[in-house]
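J.: One structure, as structure tokens, below. Some questions next.
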Amino acid sequence: MVRRAMRLRRGRLVLVCVLVLSLLGNAVTLGAVLRFRSLQSELLGDAGTAAFYPPPVRRALRDALGAQRDSLMPLLHAAAEARAGVVAAGTAEPFDRAATEAAMASFRASVDALLEGAQHMVLDTLEAEAAKDG
């Protein structure tokens, strides 16, 4: 009888510990979500919520991005390589300002090319979505 009571107490203790851990996990997750939203509004300002397309348009853009993956990924890789060039030039010994500026100009050009490709995809998608509605 005493063993049975000990087993019940131990089972209850384990259950209480599991519940406490679950509540702690929920609190940490809630805190992270609230912090993310706080940072989002801090970074994007008051117009942050207006900076997002409605869900149906976002879905269409996601689909278009997947369809254009083969043309956009090389542009993204080129931008990443150019960024690595900036880091390499900026951390070279001795520091060469002209080489770092040239690497930064190359990075800007690669980002511009990526943005141009992405903007064409966005414009085509928005045009298609407007044609569906109209």
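Just remember, in the structure tokens the first chain shown is A, the second B, etc., residues are 1-based per chain, and ligands are 1-based in the order shown.
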Can you tell me which residues surround Thr100 in chain A at a distance of at most 9 Å, considering only C-alpha atoms, apart from same-chain residues fewer than 3 positions away, and format the answer as a PDB file with C-alpha atoms, in the first residue's frame?
T.:
```pdb
ATOM      1  CA  GLY A  85      33.835  40.051 -51.785  1.00  0.00           C
ATOM      2  CA  VAL A  86      32.989  43.103 -49.679  1.00  0.00           C
ATOM      3  CA  VAL A  87      33.820  41.209 -46.499  1.00  0.00           C
ATOM      4  CA  ALA A  88      37.068  39.887 -47.959  1.00  0.00           C
ATOM      5  CA  ALA A  89      38.133  43.322 -49.178  1.00  0.00           C
ATOM      6  CA  GLY A  90      37.101  45.000 -45.936  1.00  0.00           C
ATOM      7  CA  THR A  91      39.050  42.592 -43.739  1.00  0.00           C
ATOM      8  CA  PHE A  95      43.084  47.702 -45.447  1.00  0.00           C
ATOM      9  CA  ASP A  96      42.604  49.036 -48.979  1.00  0.00           C
ATOM     10  CA  ARG A  97      39.792  51.575 -49.108  1.00  0.00           C
ATOM     11  CA  ALA A 103      33.743  45.578 -53.960  1.00  0.00           C
ATOM     12  CA  MET A 104      30.833  47.576 -52.533  1.00  0.00           C
ATOM     13  CA  ALA A 105      30.016  48.974 -55.972  1.00  0.00           C
TER      14      ALA A 105
END
```
J.: Write down as number ranges by chain the residues of range 50-112 of chain A whose backbone DSSP state falls under alpha helix (DSSP H).
T.: A: 55-67, 69-91, 97-112
J.: Just the selected residues (C-alpha atoms), exported as a PDB file, in the first residue's frame, please.
T.:
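The file below, part-v7.pdb, is the result:
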```pdb
ATOM      1  CA  PRO A  55      -2.812  36.782 -48.232  1.00  0.00           C
ATOM      2  CA  PRO A  56      -4.127  35.812 -51.715  1.00  0.00           C
ATOM      3  CA  VAL A  57      -1.586  38.086 -53.404  1.00  0.00           C
ATOM      4  CA  ARG A  58       1.194  36.780 -51.137  1.00  0.00           C
ATOM      5  CA  ARG A  59       0.278  33.221 -52.146  1.00  0.00           C
ATOM      6  CA  ALA A  60       0.415  34.179 -55.818  1.00  0.00           C
ATOM      7  CA  LEU A  61       3.787  35.872 -55.284  1.00  0.00           C
ATOM      8  CA  ARG A  62       5.121  32.802 -53.469  1.00  0.00           C
ATOM      9  CA  ASP A  63       3.977  30.609 -56.367  1.00  0.00           C
ATOM     10  CA  ALA A  64       5.550  32.978 -58.897  1.00  0.00           C
ATOM     11  CA  LEU A  65       8.777  33.034 -56.918  1.00  0.00           C
ATOM     12  CA  GLY A  66       8.877  29.249 -57.049  1.00  0.00           C
ATOM     13  CA  ALA A  67       8.217  29.316 -60.772  1.00  0.00           C
ATOM     14  CA  ARG A  69      13.432  30.168 -59.057  1.00  0.00           C
ATOM     15  CA  ASP A  70      15.745  29.140 -61.897  1.00  0.00           C
ATOM     16  CA  SER A  71      16.159  32.715 -63.100  1.00  0.00           C
ATOM     17  CA  LEU A  72      16.324  34.399 -59.679  1.00  0.00           C
ATOM     18  CA  MET A  73      18.657  32.000 -57.847  1.00  0.00           C
ATOM     19  CA  PRO A  74      21.733  32.823 -59.972  1.00  0.00           C
ATOM     20  CA  LEU A  75      21.102  36.518 -59.254  1.00  0.00           C
ATOM     21  CA  LEU A  76      20.815  35.790 -55.541  1.00  0.00           C
ATOM     22  CA  HIS A  77      23.998  33.714 -55.611  1.00  0.00           C
ATOM     23  CA  ALA A  78      25.817  36.517 -57.446  1.00  0.00           C
ATOM     24  CA  ALA A  79      24.705  38.992 -54.763  1.00  0.00           C
ATOM     25  CA  ALA A  80      25.933  36.646 -52.016  1.00  0.00           C
ATOM     26  CA  GLU A  81      29.288  36.238 -53.773  1.00  0.00           C
ATOM     27  CA  ALA A  82      29.597  40.006 -54.179  1.00  0.00           C
ATOM     28  CA  ARG A  83      28.794  40.448 -50.469  1.00  0.00           C
ATOM     29  CA  ALA A  84      31.524  37.935 -49.627  1.00  0.00           C
ATOM     30  CA  GLY A  85      33.835  40.051 -51.785  1.00  0.00           C
ATOM     31  CA  VAL A  86      32.989  43.103 -49.679  1.00  0.00           C
ATOM     32  CA  VAL A  87      33.820  41.209 -46.499  1.00  0.00           C
ATOM     33  CA  ALA A  88      37.068  39.887 -47.959  1.00  0.00           C
ATOM     34  CA  ALA A  89      38.133  43.322 -49.178  1.00  0.00           C
ATOM     35  CA  GLY A  90      37.101  45.000 -45.936  1.00  0.00           C
ATOM     36  CA  THR A  91      39.050  42.592 -43.739  1.00  0.00           C
ATOM     37  CA  ARG A  97      39.792  51.575 -49.108  1.00  0.00           C
ATOM     38  CA  ALA A  98      39.684  51.721 -52.921  1.00  0.00           C
ATOM     39  CA  ALA A  99      39.413  47.923 -53.207  1.00  0.00           C
ATOM     40  CA  THR A 100      36.638  47.863 -50.590  1.00  0.00           C
ATOM     41  CA  GLU A 101      34.742  50.644 -52.377  1.00  0.00           C
ATOM     42  CA  ALA A 102      35.059  48.726 -55.661  1.00  0.00           C
ATOM     43  CA  ALA A 103      33.743  45.578 -53.960  1.00  0.00           C
ATOM     44  CA  MET A 104      30.833  47.576 -52.533  1.00  0.00           C
ATOM     45  CA  ALA A 105      30.016  48.974 -55.972  1.00  0.00           C
ATOM     46  CA  SER A 106      30.031  45.438 -57.368  1.00  0.00           C
ATOM     47  CA  PHE A 107      27.718  44.344 -54.553  1.00  0.00           C
ATOM     48  CA  ARG A 108      25.292  47.211 -55.256  1.00  0.00           C
ATOM     49  CA  ALA A 109      25.232  46.283 -58.947  1.00  0.00           C
ATOM     50  CA  SER A 110      24.460  42.638 -58.145  1.00  0.00           C
ATOM     51  CA  VAL A 111      21.698  43.636 -55.712  1.00  0.00           C
ATOM     52  CA  ASP A 112      20.240  45.985 -58.334  1.00  0.00           C
TER      53      ASP A 112
END
```
J.: Provide the CA of Glu129 in chain A to CA of Ala51 in chain A distance in Å, to one decimal place.
T.: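 Separating CA of Glu129 in chain A from CA of Ala51 in chain A is a distance of 17.7 Å.
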J.: Using only C-alpha atoms, which of the listed residues (A:Ala27, A:Val122, A:Val20, A:Leu34) sits closest to Tyr53 in chain A?
T.: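 Using only C-alpha atoms, Tyr53 in chain A sits closest to A:Val122.
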